[in-house]
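Asks: Take a look at upload-v5.cif, mmCIF, C-alpha atoms:
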data_entry
loop_
_atom_site.group_PDB
_atom_site.id
_atom_site.type_symbol
_atom_site.label_atom_id
_atom_site.label_comp_id
_atom_site.auth_asym_id
_atom_site.auth_seq_id
_atom_site.Cartn_x
_atom_site.Cartn_y
_atom_site.Cartn_z
ATOM 1 C CA MET A 1 216.953 140.179 157.420
ATOM 2 C CA SER A 2 218.249 142.291 160.275
ATOM 3 C CA PRO A 3 220.833 144.938 159.351
ATOM 4 C CA VAL A 4 224.366 143.520 159.512
ATOM 5 C CA PRO A 5 227.183 145.724 160.868
ATOM 6 C CA HIS A 6 229.572 146.894 158.129
ATOM 7 C CA ASP A 7 227.321 145.524 155.380
ATOM 8 C CA LYS A 8 226.496 147.865 152.535
ATOM 9 C CA PRO A 9 222.793 148.214 151.718
ATOM 10 C CA PHE A 10 221.197 146.351 148.833
ATOM 11 C CA THR A 11 219.999 149.143 146.573
ATOM 12 C CA LEU A 12 218.243 149.080 143.206
ATOM 13 C CA ALA A 13 217.093 152.147 141.280
ATOM 14 C CA GLY A 14 217.609 154.321 144.336
ATOM 15 C CA ARG A 15 215.589 152.164 146.713
ATOM 16 C CA THR A 16 217.098 150.106 149.537
ATOM 17 C CA TYR A 17 215.846 146.632 150.440
ATOM 18 C CA GLN A 18 216.377 144.507 153.534
ATOM 19 C CA SER A 19 215.816 141.149 151.818
ATOM 20 C CA ARG A 20 218.320 139.903 149.257
ATOM 21 C CA LEU A 21 215.927 137.240 148.000
ATOM 22 C CA LEU A 22 213.817 138.007 144.924
ATOM 23 C CA VAL A 23 211.072 135.568 144.008
ATOM 24 C CA GLY A 24 208.891 134.749 141.041
ATOM 25 C CA THR A 25 205.152 134.223 140.954
ATOM 26 C CA GLY A 26 204.722 131.416 138.418
ATOM 27 C CA LYS A 27 204.249 127.644 138.705
ATOM 28 C CA TYR A 28 202.285 127.605 141.973
ATOM 29 C CA LYS A 29 199.075 125.568 142.200
ATOM 30 C CA ASP A 30 196.954 128.650 142.896
ATOM 31 C CA LEU A 31 197.095 132.282 143.985
ATOM 32 C CA ASP A 32 196.734 131.379 147.660
ATOM 33 C CA GLU A 33 199.880 129.268 147.568
ATOM 34 C CA THR A 34 201.624 132.045 145.652
ATOM 35 C CA ARG A 35 200.747 134.558 148.376
ATOM 36 C CA ASP A 36 201.735 132.248 151.246
ATOM 37 C CA ALA A 37 205.091 131.265 149.741
ATOM 38 C CA ILE A 38 206.058 134.837 148.971
ATOM 39 C CA GLU A 39 205.154 135.913 152.490
ATOM 40 C CA ALA A 40 207.249 133.071 153.949
ATOM 41 C CA SER A 41 210.234 134.028 151.792
ATOM 42 C CA GLY A 42 210.471 137.508 153.259
ATOM 43 C CA ALA A 43 211.084 138.845 149.757
ATOM 44 C CA GLU A 44 210.333 142.474 148.989
ATOM 45 C CA ILE A 45 210.780 142.260 145.217
ATOM 46 C CA VAL A 46 208.444 139.980 143.271
ATOM 47 C CA THR A 47 208.908 139.345 139.567
ATOM 48 C CA VAL A 48 205.965 138.846 137.224
ATOM 49 C CA ALA A 49 205.929 137.502 133.666
ATOM 50 C CA VAL A 50 203.783 140.080 131.899
ATOM 51 C CA ARG A 51 203.068 137.793 128.931
ATOM 52 C CA ARG A 52 201.817 134.969 131.155
ATOM 53 C CA THR A 53 200.304 136.627 134.213
ATOM 54 C CA ASN A 54 197.363 138.982 134.500
ATOM 55 C CA ILE A 55 198.287 142.217 136.262
ATOM 56 C CA GLY A 56 195.397 144.170 134.795
ATOM 57 C CA GLN A 57 195.710 143.625 131.069
ATOM 58 C CA ASN A 58 192.918 141.003 131.094
ATOM 59 C CA PRO A 59 189.838 142.506 132.785
ATOM 60 C CA GLY A 60 187.524 139.969 134.387
ATOM 61 C CA GLU A 61 190.265 137.397 135.049
ATOM 62 C CA PRO A 62 191.982 136.750 138.410
ATOM 63 C CA ASN A 63 194.543 139.488 138.967
ATOM 64 C CA LEU A 64 197.835 138.599 140.655
ATOM 65 C CA LEU A 65 197.996 142.079 142.174
ATOM 66 C CA ASP A 66 194.940 141.218 144.276
ATOM 67 C CA VAL A 67 197.129 138.883 146.366
ATOM 68 C CA ILE A 68 200.549 140.479 145.782
ATOM 69 C CA SER A 69 199.902 144.123 146.520
ATOM 70 C CA PRO A 70 202.130 146.774 144.902
ATOM 71 C CA ASP A 71 201.737 148.701 148.152
ATOM 72 C CA ARG A 72 203.646 145.946 149.967
ATOM 73 C CA TYR A 73 205.980 144.587 147.288
ATOM 74 C CA THR A 74 208.076 146.032 144.499
ATOM 75 C CA ILE A 75 206.573 144.451 141.398
ATOM 76 C CA LEU A 76 209.308 143.588 138.913
ATOM 77 C CA PRO A 77 207.761 142.890 135.504
ATOM 78 C CA ASN A 78 209.822 140.583 133.302
ATOM 79 C CA THR A 79 209.860 139.726 129.629
ATOM 80 C CA ALA A 80 209.804 135.934 129.966
ATOM 81 C CA GLY A 81 208.556 134.352 126.760
ATOM 82 C CA CYS A 82 210.176 136.944 124.491
ATOM 83 C CA TYR A 83 212.554 135.723 121.796
ATOM 84 C CA ASP A 84 213.624 138.971 120.129
ATOM 85 C CA ALA A 85 214.460 142.498 121.183
ATOM 86 C CA GLU A 86 211.389 144.092 119.622
ATOM 87 C CA ASP A 87 208.984 141.854 121.547
ATOM 88 C CA ALA A 88 210.862 142.420 124.807
ATOM 89 C CA VAL A 89 210.793 146.197 124.429
ATOM 90 C CA ARG A 90 207.077 146.127 123.630
ATOM 91 C CA THR A 91 206.415 144.027 126.743
ATOM 92 C CA CYS A 92 208.333 146.457 128.965
ATOM 93 C CA ARG A 93 206.354 149.381 127.602
ATOM 94 C CA LEU A 94 203.105 147.546 128.386
ATOM 95 C CA ALA A 95 204.315 146.793 131.913
ATOM 96 C CA ARG A 96 205.150 150.441 132.541
ATOM 97 C CA GLU A 97 201.661 151.406 131.425
ATOM 98 C CA LEU A 98 200.013 148.792 133.665
ATOM 99 C CA LEU A 99 202.120 149.748 136.694
ATOM 100 C CA ASP A 100 201.491 153.493 136.605
ATOM 101 C CA GLY A 101 204.717 154.506 134.954
ATOM 102 C CA ARG A 102 207.166 152.501 137.061
ATOM 103 C CA ASN A 103 210.430 151.996 135.233
ATOM 104 C CA LEU A 104 211.956 148.966 136.956
ATOM 105 C CA VAL A 105 211.956 145.909 134.665
ATOM 106 C CA LYS A 106 213.710 142.586 134.307
ATOM 107 C CA LEU A 107 214.814 142.034 130.733
ATOM 108 C CA GLU A 108 215.161 138.513 129.433
ATOM 109 C CA VAL A 109 215.323 137.567 125.764
ATOM 110 C CA LEU A 110 215.444 133.822 125.243
ATOM 111 C CA ALA A 111 217.212 131.875 122.504
ATOM 112 C CA ASP A 112 214.902 128.850 122.295
ATOM 113 C CA GLN A 113 212.198 126.988 124.175
ATOM 114 C CA LYS A 114 214.315 123.917 124.891
ATOM 115 C CA THR A 115 217.096 125.534 126.924
ATOM 116 C CA LEU A 116 215.647 128.983 127.735
ATOM 117 C CA PHE A 117 219.232 130.175 127.400
ATOM 118 C CA PRO A 118 219.544 133.932 126.884
ATOM 119 C CA ASN A 119 219.996 135.281 123.381
ATOM 120 C CA VAL A 120 222.699 137.770 124.258
ATOM 121 C CA ILE A 121 222.664 139.531 120.881
ATOM 122 C CA GLU A 122 218.962 140.355 121.142
ATOM 123 C CA THR A 123 219.387 141.118 124.847
ATOM 124 C CA LEU A 124 222.026 143.757 124.087
ATOM 125 C CA LYS A 125 219.777 145.316 121.433
ATOM 126 C CA ALA A 126 216.800 145.489 123.789
ATOM 127 C CA ALA A 127 218.881 146.839 126.668
ATOM 128 C CA GLU A 128 220.109 149.750 124.570
ATOM 129 C CA VAL A 129 216.565 150.749 123.636
ATOM 130 C CA LEU A 130 215.148 150.369 127.140
ATOM 131 C CA VAL A 131 217.925 152.327 128.833
ATOM 132 C CA ARG A 132 217.505 155.076 126.250
ATOM 133 C CA GLU A 133 213.768 155.190 127.055
ATOM 134 C CA GLY A 134 214.431 155.651 130.777
ATOM 135 C CA PHE A 135 213.824 152.125 132.065
ATOM 136 C CA ASP A 136 215.756 150.792 135.051
ATOM 137 C CA VAL A 137 216.887 147.523 133.512
ATOM 138 C CA MET A 138 217.846 144.407 135.455
ATOM 139 C CA VAL A 139 219.018 141.942 132.858
ATOM 140 C CA TYR A 140 219.098 138.133 132.658
ATOM 141 C CA THR A 141 222.194 137.020 130.820
ATOM 142 C CA SER A 142 224.681 134.227 130.306
ATOM 143 C CA ASP A 143 227.644 133.787 132.641
ATOM 144 C CA ASP A 144 229.941 135.351 130.037
ATOM 145 C CA PRO A 145 231.938 138.082 131.834
ATOM 146 C CA ILE A 146 232.358 140.114 128.642
ATOM 147 C CA ILE A 147 228.621 140.263 127.956
ATOM 148 C CA ALA A 148 227.968 141.141 131.604
ATOM 149 C CA ARG A 149 230.443 144.012 131.345
ATOM 150 C CA GLN A 150 228.855 145.295 128.127
ATOM 151 C CA LEU A 151 225.365 145.251 129.654
ATOM 152 C CA ALA A 152 226.602 147.280 132.608
ATOM 153 C CA GLU A 153 228.311 149.737 130.255
ATOM 154 C CA ILE A 154 225.055 150.177 128.328
ATOM 155 C CA GLY A 155 223.456 151.342 131.572
ATOM 156 C CA CYS A 156 221.672 148.310 133.050
ATOM 157 C CA ILE A 157 221.331 148.758 136.817
ATOM 158 C CA ALA A 158 221.976 145.074 137.602
ATOM 159 C CA VAL A 159 223.254 142.036 135.710
ATOM 160 C CA MET A 160 221.708 138.647 136.450
ATOM 161 C CA PRO A 161 223.815 135.769 135.119
ATOM 162 C CA LEU A 162 222.337 132.304 135.203
ATOM 163 C CA ALA A 163 223.814 129.746 137.578
ATOM 164 C CA GLY A 164 222.193 126.922 135.603
ATOM 165 C CA LEU A 165 219.482 126.667 132.976
ATOM 166 C CA ILE A 166 216.064 127.988 134.011
ATOM 167 C CA GLY A 167 214.035 125.479 135.976
ATOM 168 C CA THR A 168 216.728 122.780 136.099
ATOM 169 C CA GLY A 169 217.694 123.107 139.763
ATOM 170 C CA LEU A 170 221.282 122.162 138.855
ATOM 171 C CA GLY A 171 222.764 124.720 141.215
ATOM 172 C CA ILE A 172 225.871 126.831 140.637
ATOM 173 C CA CYS A 173 227.300 125.158 137.537
ATOM 174 C CA ASN A 174 230.181 127.572 136.862
ATOM 175 C CA PRO A 175 231.285 129.443 139.985
ATOM 176 C CA TYR A 176 234.499 130.533 138.251
ATOM 177 C CA ASN A 177 232.762 132.680 135.632
ATOM 178 C CA LEU A 178 230.561 134.142 138.335
ATOM 179 C CA ARG A 179 233.640 135.104 140.324
ATOM 180 C CA ILE A 180 235.097 136.922 137.309
ATOM 181 C CA ILE A 181 231.831 138.796 136.777
ATOM 182 C CA LEU A 182 231.757 139.732 140.457
ATOM 183 C CA GLU A 183 235.354 140.939 140.423
ATOM 184 C CA GLU A 184 234.663 143.278 137.499
ATOM 185 C CA ALA A 185 231.163 144.351 138.494
ATOM 186 C CA LYS A 186 230.302 148.042 138.585
ATOM 187 C CA VAL A 187 226.626 147.240 139.248
ATOM 188 C CA PRO A 188 224.896 144.666 141.484
ATOM 189 C CA VAL A 189 225.221 141.034 140.363
ATOM 190 C CA LEU A 190 222.326 138.700 141.125
ATOM 191 C CA VAL A 191 222.202 134.990 140.373
ATOM 192 C CA ASP A 192 219.143 134.251 138.262
ATOM 193 C CA ALA A 193 218.119 130.683 137.340
ATOM 194 C CA GLY A 194 219.474 127.279 138.290
ATOM 195 C CA VAL A 195 218.991 127.351 142.061
ATOM 196 C CA GLY A 196 217.443 124.091 143.276
ATOM 197 C CA THR A 197 217.721 124.115 147.039
ATOM 198 C CA ALA A 198 218.843 126.225 149.968
ATOM 199 C CA SER A 199 222.530 125.316 149.745
ATOM 200 C CA ASP A 200 222.655 126.611 146.152
ATOM 201 C CA ALA A 201 221.374 129.991 147.290
ATOM 202 C CA THR A 202 223.910 130.072 150.106
ATOM 203 C CA ILE A 203 226.779 129.335 147.715
ATOM 204 C CA ALA A 204 225.682 132.168 145.413
ATOM 205 C CA MET A 205 225.721 134.579 148.331
ATOM 206 C CA GLU A 206 229.052 133.270 149.644
ATOM 207 C CA LEU A 207 230.577 134.037 146.238
ATOM 208 C CA GLY A 208 229.620 137.674 146.779
ATOM 209 C CA CYS A 209 226.389 138.072 144.816
ATOM 210 C CA GLU A 210 224.217 140.953 145.956
ATOM 211 C CA ALA A 211 221.069 138.825 145.833
ATOM 212 C CA VAL A 212 219.428 135.764 144.273
ATOM 213 C CA LEU A 213 216.257 135.490 142.192
ATOM 214 C CA MET A 214 214.371 132.200 142.076
ATOM 215 C CA ASN A 215 210.995 130.698 141.278
ATOM 216 C CA SER A 216 211.087 126.992 140.385
ATOM 217 C CA ALA A 217 213.149 126.015 143.435
ATOM 218 C CA ILE A 218 210.310 127.190 145.655
ATOM 219 C CA ALA A 219 207.239 126.542 143.516
ATOM 220 C CA HIS A 220 208.300 122.989 142.542
ATOM 221 C CA ALA A 221 209.277 121.931 146.054
ATOM 222 C CA GLN A 222 207.063 119.356 147.726
ATOM 223 C CA LYS A 223 206.205 122.000 150.326
ATOM 224 C CA PRO A 224 206.656 125.381 148.628
ATOM 225 C CA VAL A 225 205.875 127.529 151.651
ATOM 226 C CA LEU A 226 208.404 125.665 153.788
ATOM 227 C CA MET A 227 211.030 125.870 151.040
ATOM 228 C CA ALA A 228 210.405 129.604 150.753
ATOM 229 C CA GLU A 229 211.246 129.988 154.416
ATOM 230 C CA ALA A 230 214.348 127.817 153.985
ATOM 231 C CA MET A 231 215.502 130.082 151.160
ATOM 232 C CA LYS A 232 215.078 133.153 153.334
ATOM 233 C CA TYR A 233 217.509 131.767 155.900
ATOM 234 C CA ALA A 234 219.861 130.405 153.241
ATOM 235 C CA ILE A 235 220.277 133.875 151.754
ATOM 236 C CA GLU A 236 220.936 135.354 155.195
ATOM 237 C CA ALA A 237 223.474 132.655 156.085
ATOM 238 C CA GLY A 238 225.312 133.033 152.780
ATOM 239 C CA ARG A 239 225.562 136.799 153.125
ATOM 240 C CA LEU A 240 226.867 136.545 156.685
ATOM 241 C CA ALA A 241 229.425 133.924 155.645
ATOM 242 C CA TYR A 242 230.588 136.138 152.768
ATOM 243 C CA LEU A 243 231.054 139.081 155.106
ATOM 244 C CA ALA A 244 232.797 136.911 157.709
ATOM 245 C CA GLY A 245 235.305 135.484 155.229
ATOM 246 C CA ARG A 246 235.781 131.731 155.160
ATOM 247 C CA MET A 247 238.907 130.006 156.423
ATOM 248 C CA PRO A 248 241.422 129.022 153.734
ATOM 249 C CA LYS A 249 241.235 125.500 152.381
ATOM 250 C CA LYS A 250 244.162 123.261 153.288
ATOM 251 C CA LEU A 251 245.348 119.891 152.031
ATOM 252 C CA TYR A 252 246.276 118.546 155.459
ATOM 253 C CA ALA A 253 244.776 118.757 158.923
ATOM 254 C CA SER A 254 245.745 121.340 161.520
ATOM 255 C CA ALA A 255 244.863 121.112 165.191
ATOM 256 C CA SER A 256 241.866 123.107 166.350
ATOM 257 C CA SER A 257 243.655 123.887 169.626
ATOM 258 C CA PRO A 258 247.150 125.434 169.840
ATOM 259 C CA LEU A 259 249.999 123.027 170.441
ATOM 260 C CA GLU A 260 252.121 125.458 172.480
ATOM 261 C CA GLY A 261 252.196 124.939 176.207
ATOM 262 C CA LEU A 262 251.049 121.321 176.198
ATOM 263 C CA ILE A 263 251.626 119.492 179.493
ATOM 264 C CA ARG A 264 254.313 116.855 178.968
#
Mind turning the file's structure into structure tokens?
Replies:
Amino acid sequence: MSPVPHDKPFTLAGRTYQSRLLVGTGKYKDLDETRDAIEASGAEIVTVAVRRTNIGQNPGEPNLLDVISPDRYTILPNTAGCYDAEDAVRTCRLARELLDGRNLVKLEVLADQKTLFPNVIETLKAAEVLVREGFDVMVYTSDDPIIARQLAEIGCIAVMPLAGLIGTGLGICNPYNLRIILEEAKVPVLVDAGVGTASDATIAMELGCEAVLMNSAIAHAQKPVLMAEAMKYAIEAGRLAYLAGRMPKKLYASASSPLEGLIR
């Protein structure tokens, strides 16, 4: 995305990024499709489920980092598949070891396998430990404004409320809670989960989110590489619209052209 006049930079853990689209690496048919879709998305931050993806912990198996180079992308390890704070903290420590001491992580602690809804109690516990140990924590959470505020107060560098349940593609289910979170935010707010198509991503950005993270919406599309490109432009359009400021909604029509000076 080209720099936009008067737009503040998108910064995480002291590093500035041009793209406001973050993408996952799961659910593709193979590593080639993974590479091609991520390239088409223009994303600079790529999230990896450490418990499900080999980034060096399984010698002799295909390594995701062979196609998604850490020299080109910021690798964001996540704790997908963890259901308690202890397991999530252990996974983050492993990720830091595998990625040469890098501290940036995405924390997610899930409540159950059916909904993949965040367990906010365990998430708060894990966040406290990780921040204390020097991790830069981006955290997946519910769209509860109070929990989002508490996670920021703990020291998380970004809060990532869901827009809909993971993998559902339902879109922005509760824009009102998101708006409250955004109004109170002292750290970047990123929509995480629920995006199904390009218009969903645009709406998230129009609300004022700093960025959007997605995986299923791209990987489960009929043409993932093409959808990745669509998402790139959707994010850009939504950010520009947010900065431009939409016209107010009205109940009745008003003429597009001024009525003064009409020839009678």
Asks: Please evaluate the PyMOL selection byres ((chain A and resi 185-192) around 7) against the displayed coordinates and give the resulting residues as a list in words.
Replies: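 When the PyMOL selection byres ((chain A and resi 185-192) around 7) is applied to the shown file, the picked residues are Tyr140, Ala152, Ile157, Ala158, Val159, Met160, Pro161, Leu162, Ala163, Ile181, Leu182, Glu183, Glu184, Ala193, Gly194, Ala204, Cys209, Glu210, Ala211, Val212, Leu213 and Met214 of chain A.
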Asks: Can you write out as a Markdown table which residues of range 64-85 of chain A fall within 12 Å of range 16-28 of chain A, alongside each residue's closest atom pair and its distance in Å to one decimal, counting all atoms listed in the file and ordering rows by chain and ascending residue number?
Replies:
| residue | atom | partner | partner_atom | distance |
| --- | --- | --- | --- | --- |
| A:Leu64 | CA | A:Thr25 | CA | 8.5 |
| A:Leu65 | CA | A:Thr25 | CA | 10.7 |
| A:Val67 | CA | A:Thr25 | CA | 10.7 |
| A:Ile68 | CA | A:Thr25 | CA | 9.1 |
| A:Tyr73 | CA | A:Leu22 | CA | 10.5 |
| A:Thr74 | CA | A:Tyr17 | CA | 9.8 |
| A:Ile75 | CA | A:Gly24 | CA | 10.0 |
| A:Leu76 | CA | A:Gly24 | CA | 9.1 |
| A:Pro77 | CA | A:Gly24 | CA | 9.9 |
| A:Asn78 | CA | A:Gly24 | CA | 9.7 |
| A:Ala80 | CA | A:Gly26 | CA | 10.8 |
Asks: When you count only C-alpha atoms, which of these residues is closest to Arg149 in chain A: A:Leu124, A:Gly245, A:Ala88, A:Val105?
Replies: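 Among A:Leu124, A:Gly245, A:Ala88, A:Val105, it is A:Leu124 that comes nearest to Arg149 in chain A.
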Asks: On this structure, which residues satisfy the PyMOL selection byres ((chain A and resi 115) around 10), written as a list of chain:residue names?
Replies: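 For this structure, the PyMOL selection byres ((chain A and resi 115) around 10) resolves to A:Leu110, A:Ala111, A:Asp112, A:Gln113, A:Lys114, A:Leu116, A:Phe117, A:Pro118, A:Leu165, A:Ile166, A:Gly167, A:Thr168.
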Asks: Which is closest to Ala201 in chain A among A:Val120, A:Val89, A:Ala234, A:Leu104, if we use all atoms listed in the file?
Replies: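 Ranked by minimum distance to Ala201 in chain A, first place goes to A:Ala234.
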Asks: Smallest atom-to-atom distance to Asn54 in chain A: which of A:Cys92, A:Ile218, A:Ala37, A:Leu98, using all atoms listed in the file?
Replies: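 Nearest candidate to Asn54 in chain A out of A:Cys92, A:Ile218, A:Ala37, A:Leu98: A:Leu98.
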